[in-house]
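K.L.:
First the structure, then my questions, so here it is.
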Amino acid sequence: MNLTVVGIAVGAFVAFMAFQFGVWGFLVSLLFMGIGALLGRAAEGKLDLRSVFDAITGRRSSS
């Protein structure tokens, strides 16, 4: 599957959530999609969650 098809599928899902559940359903679905993307990148080994947590809490700079 190429990225265009994935983008269309994500757009259709978000549009469905917005129409079915209103603004809050749209925002919650975006939040869960973002969390899923972060966890997916961490599972692939492309993202270190410990360094992200340290940057959010101010223990370490993100740059």
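Chain labels follow the order of the structure tokens: the first chain is A, the next B, and so on; residue numbering restarts at 1 in every chain, and ligands are counted from 1 in their shown order.
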Which residues come within 7 Å of A:Val14, counting only C-alpha atoms, excluding same-chain residues fewer than 4 positions away, as a VMD selection string?

P.N.:
chain A and resid 10 18 26 29

K.L.:
Please, could you write that set of residues out with N, CA and C atoms as a PDB file, in the first residue's frame?

P.N.:
```pdb
ATOM      1  N   VAL A  10      -6.793   7.269   6.298  1.00  0.00           N
ATOM      2  CA  VAL A  10      -6.759   8.045   7.541  1.00  0.00           C
ATOM      3  C   VAL A  10      -7.742   9.205   7.461  1.00  0.00           C
ATOM      4  N   ALA A  18     -15.536  12.550  12.913  1.00  0.00           N
ATOM      5  CA  ALA A  18     -16.059  13.904  13.064  1.00  0.00           C
ATOM      6  C   ALA A  18     -17.567  13.940  12.826  1.00  0.00           C
ATOM      7  N   PHE A  26     -13.642  13.618  16.957  1.00  0.00           N
ATOM      8  CA  PHE A  26     -12.568  13.952  16.031  1.00  0.00           C
ATOM      9  C   PHE A  26     -11.260  14.167  16.782  1.00  0.00           C
ATOM     10  N   SER A  29      -9.970  10.873  18.382  1.00  0.00           N
ATOM     11  CA  SER A  29      -9.403   9.973  17.378  1.00  0.00           C
ATOM     12  C   SER A  29      -8.033  10.462  16.924  1.00  0.00           C
TER      13      SER A  29
END
```

K.L.:
Would you mind listing what lies within 12 Å of A:Phe13 as a list in words, with only C-alpha atoms counted and same-chain residues fewer than 6 positions away left out?

P.N.:
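Answer for this query is Val6, Gly7, Phe19, Gln20, Phe21, Gly25, Phe26, Ser29, Leu30 and Met33 of chain A.
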
K.L.:
Go ahead and dump the residues you just picked, all heavy atoms, as a PDB file, in the first residue's frame.

P.N.:
```pdb
ATOM      1  N   VAL A   6      -2.865   5.193   2.138  1.00  0.00           N
ATOM      2  CA  VAL A   6      -2.893   5.295   3.601  1.00  0.00           C
ATOM      3  C   VAL A   6      -3.458   6.653   4.017  1.00  0.00           C
ATOM      4  O   VAL A   6      -4.277   6.735   4.935  1.00  0.00           O
ATOM      5  CB  VAL A   6      -1.486   5.070   4.189  1.00  0.00           C
ATOM      6  CG1 VAL A   6      -1.470   5.359   5.667  1.00  0.00           C
ATOM      7  CG2 VAL A   6      -1.015   3.662   3.913  1.00  0.00           C
ATOM      8  N   GLY A   7      -3.043   7.717   3.350  1.00  0.00           N
ATOM      9  CA  GLY A   7      -3.561   9.055   3.654  1.00  0.00           C
ATOM     10  C   GLY A   7      -5.056   9.158   3.421  1.00  0.00           C
ATOM     11  O   GLY A   7      -5.782   9.778   4.210  1.00  0.00           O
ATOM     12  N   PHE A  19     -18.035  13.226  11.802  1.00  0.00           N
ATOM     13  CA  PHE A  19     -19.467  13.228  11.512  1.00  0.00           C
ATOM     14  C   PHE A  19     -20.258  12.416  12.533  1.00  0.00           C
ATOM     15  O   PHE A  19     -21.341  12.806  12.946  1.00  0.00           O
ATOM     16  CB  PHE A  19     -19.743  12.674  10.112  1.00  0.00           C
ATOM     17  CG  PHE A  19     -19.382  13.632   9.015  1.00  0.00           C
ATOM     18  CD1 PHE A  19     -18.592  13.220   7.965  1.00  0.00           C
ATOM     19  CD2 PHE A  19     -19.823  14.940   9.032  1.00  0.00           C
ATOM     20  CE1 PHE A  19     -18.258  14.089   6.949  1.00  0.00           C
ATOM     21  CE2 PHE A  19     -19.498  15.826   8.018  1.00  0.00           C
ATOM     22  CZ  PHE A  19     -18.709  15.394   6.977  1.00  0.00           C
ATOM     23  N   GLN A  20     -19.708  11.308  12.960  1.00  0.00           N
ATOM     24  CA  GLN A  20     -20.437  10.417  13.861  1.00  0.00           C
ATOM     25  C   GLN A  20     -20.452  10.930  15.298  1.00  0.00           C
ATOM     26  O   GLN A  20     -21.485  10.873  15.960  1.00  0.00           O
ATOM     27  CB  GLN A  20     -19.812   9.018  13.818  1.00  0.00           C
ATOM     28  CG  GLN A  20     -20.568   7.981  14.578  1.00  0.00           C
ATOM     29  CD  GLN A  20     -21.911   7.643  13.930  1.00  0.00           C
ATOM     30  OE1 GLN A  20     -22.086   7.785  12.729  1.00  0.00           O
ATOM     31  NE2 GLN A  20     -22.849   7.213  14.740  1.00  0.00           N
ATOM     32  N   PHE A  21     -19.318  11.428  15.781  1.00  0.00           N
ATOM     33  CA  PHE A  21     -19.194  11.765  17.195  1.00  0.00           C
ATOM     34  C   PHE A  21     -18.935  13.244  17.456  1.00  0.00           C
ATOM     35  O   PHE A  21     -18.706  13.632  18.594  1.00  0.00           O
ATOM     36  CB  PHE A  21     -18.079  10.923  17.832  1.00  0.00           C
ATOM     37  CG  PHE A  21     -18.332   9.456  17.741  1.00  0.00           C
ATOM     38  CD1 PHE A  21     -17.598   8.669  16.877  1.00  0.00           C
ATOM     39  CD2 PHE A  21     -19.323   8.867  18.508  1.00  0.00           C
ATOM     40  CE1 PHE A  21     -17.831   7.315  16.788  1.00  0.00           C
ATOM     41  CE2 PHE A  21     -19.566   7.507  18.424  1.00  0.00           C
ATOM     42  CZ  PHE A  21     -18.819   6.733  17.555  1.00  0.00           C
ATOM     43  N   GLY A  25     -15.148  13.590  19.272  1.00  0.00           N
ATOM     44  CA  GLY A  25     -14.757  12.324  18.656  1.00  0.00           C
ATOM     45  C   GLY A  25     -13.610  12.511  17.685  1.00  0.00           C
ATOM     46  O   GLY A  25     -12.699  11.686  17.609  1.00  0.00           O
ATOM     47  N   PHE A  26     -13.642  13.618  16.957  1.00  0.00           N
ATOM     48  CA  PHE A  26     -12.568  13.952  16.031  1.00  0.00           C
ATOM     49  C   PHE A  26     -11.260  14.167  16.782  1.00  0.00           C
ATOM     50  O   PHE A  26     -10.218  13.604  16.424  1.00  0.00           O
ATOM     51  CB  PHE A  26     -12.960  15.218  15.257  1.00  0.00           C
ATOM     52  CG  PHE A  26     -11.870  15.790  14.416  1.00  0.00           C
ATOM     53  CD1 PHE A  26     -11.499  15.179  13.235  1.00  0.00           C
ATOM     54  CD2 PHE A  26     -11.227  16.955  14.791  1.00  0.00           C
ATOM     55  CE1 PHE A  26     -10.497  15.714  12.451  1.00  0.00           C
ATOM     56  CE2 PHE A  26     -10.233  17.500  14.016  1.00  0.00           C
ATOM     57  CZ  PHE A  26      -9.863  16.872  12.838  1.00  0.00           C
ATOM     58  N   SER A  29      -9.970  10.873  18.382  1.00  0.00           N
ATOM     59  CA  SER A  29      -9.403   9.973  17.378  1.00  0.00           C
ATOM     60  C   SER A  29      -8.033  10.462  16.924  1.00  0.00           C
ATOM     61  O   SER A  29      -7.120   9.651  16.732  1.00  0.00           O
ATOM     62  CB  SER A  29     -10.341   9.822  16.183  1.00  0.00           C
ATOM     63  OG  SER A  29     -10.459  11.040  15.475  1.00  0.00           O
ATOM     64  N   LEU A  30      -7.838  11.770  16.782  1.00  0.00           N
ATOM     65  CA  LEU A  30      -6.519  12.294  16.431  1.00  0.00           C
ATOM     66  C   LEU A  30      -5.499  12.021  17.532  1.00  0.00           C
ATOM     67  O   LEU A  30      -4.348  11.672  17.249  1.00  0.00           O
ATOM     68  CB  LEU A  30      -6.598  13.801  16.156  1.00  0.00           C
ATOM     69  CG  LEU A  30      -7.227  14.216  14.841  1.00  0.00           C
ATOM     70  CD1 LEU A  30      -7.224  15.731  14.723  1.00  0.00           C
ATOM     71  CD2 LEU A  30      -6.510  13.599  13.669  1.00  0.00           C
ATOM     72  N   MET A  33      -4.603   8.360  17.358  1.00  0.00           N
ATOM     73  CA  MET A  33      -3.779   8.100  16.177  1.00  0.00           C
ATOM     74  C   MET A  33      -2.342   8.558  16.420  1.00  0.00           C
ATOM     75  O   MET A  33      -1.392   7.879  16.026  1.00  0.00           O
ATOM     76  CB  MET A  33      -4.379   8.799  14.958  1.00  0.00           C
ATOM     77  CG  MET A  33      -5.649   8.155  14.478  1.00  0.00           C
ATOM     78  SD  MET A  33      -6.541   9.125  13.259  1.00  0.00           S
ATOM     79  CE  MET A  33      -5.411   9.085  11.893  1.00  0.00           C
TER      80      MET A  33
END
```

K.L.:
Just to confirm, what's the straight-line distance from atom CA of A:Trp24 to atom CA of A:Ala37 in Å (one decimal)?

P.N.:
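Calculated distance between atom CA of A:Trp24 and atom CA of A:Ala37 is 19.8 Å.
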
K.L.:
Just the alpha helix (DSSP H) stuff from chain A, please, per backbone DSSP, written as a VMD selection string.

P.N.:
chain A and resid 3 to 44 49 to 57

K.L.:
Fewer than 5 positions away in the same chain doesn't count, so skip those; otherwise give me all residues within 12 Å of stretch 47-59 of chain A, counting only C-alpha atoms, as a PDB file with N, CA, C and O atoms, in the first residue's frame.

P.N.:
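Wrote it out as around29.pdb, contents follow:
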```pdb
ATOM      1  N   ILE A  35      -0.838   8.758  19.388  1.00  0.00           N
ATOM      2  CA  ILE A  35      -0.253   7.807  20.337  1.00  0.00           C
ATOM      3  C   ILE A  35       0.123   6.512  19.618  1.00  0.00           C
ATOM      4  O   ILE A  35       1.201   5.949  19.844  1.00  0.00           O
ATOM      5  N   ALA A  37       0.915   6.186  16.480  1.00  0.00           N
ATOM      6  CA  ALA A  37       2.076   6.437  15.631  1.00  0.00           C
ATOM      7  C   ALA A  37       3.358   6.436  16.450  1.00  0.00           C
ATOM      8  O   ALA A  37       4.377   5.873  16.033  1.00  0.00           O
ATOM      9  N   LEU A  38       3.321   7.056  17.631  1.00  0.00           N
ATOM     10  CA  LEU A  38       4.503   7.054  18.504  1.00  0.00           C
ATOM     11  C   LEU A  38       4.868   5.646  18.952  1.00  0.00           C
ATOM     12  O   LEU A  38       6.044   5.263  18.930  1.00  0.00           O
ATOM     13  N   LEU A  39       3.877   4.867  19.359  1.00  0.00           N
ATOM     14  CA  LEU A  39       4.153   3.504  19.800  1.00  0.00           C
ATOM     15  C   LEU A  39       4.636   2.625  18.650  1.00  0.00           C
ATOM     16  O   LEU A  39       5.498   1.759  18.845  1.00  0.00           O
ATOM     17  N   GLY A  40       4.109   2.851  17.463  1.00  0.00           N
ATOM     18  CA  GLY A  40       4.561   2.101  16.300  1.00  0.00           C
ATOM     19  C   GLY A  40       6.013   2.401  15.959  1.00  0.00           C
ATOM     20  O   GLY A  40       6.794   1.497  15.659  1.00  0.00           O
ATOM     21  N   ARG A  41       6.386   3.679  16.020  1.00  0.00           N
ATOM     22  CA  ARG A  41       7.788   4.041  15.754  1.00  0.00           C
ATOM     23  C   ARG A  41       8.710   3.503  16.838  1.00  0.00           C
ATOM     24  O   ARG A  41       9.827   3.096  16.560  1.00  0.00           O
ATOM     25  N   ALA A  42       8.227   3.467  18.073  1.00  0.00           N
ATOM     26  CA  ALA A  42       9.037   2.909  19.156  1.00  0.00           C
ATOM     27  C   ALA A  42       9.212   1.402  18.959  1.00  0.00           C
ATOM     28  O   ALA A  42      10.292   0.865  19.208  1.00  0.00           O
TER      29      ALA A  42
END
```
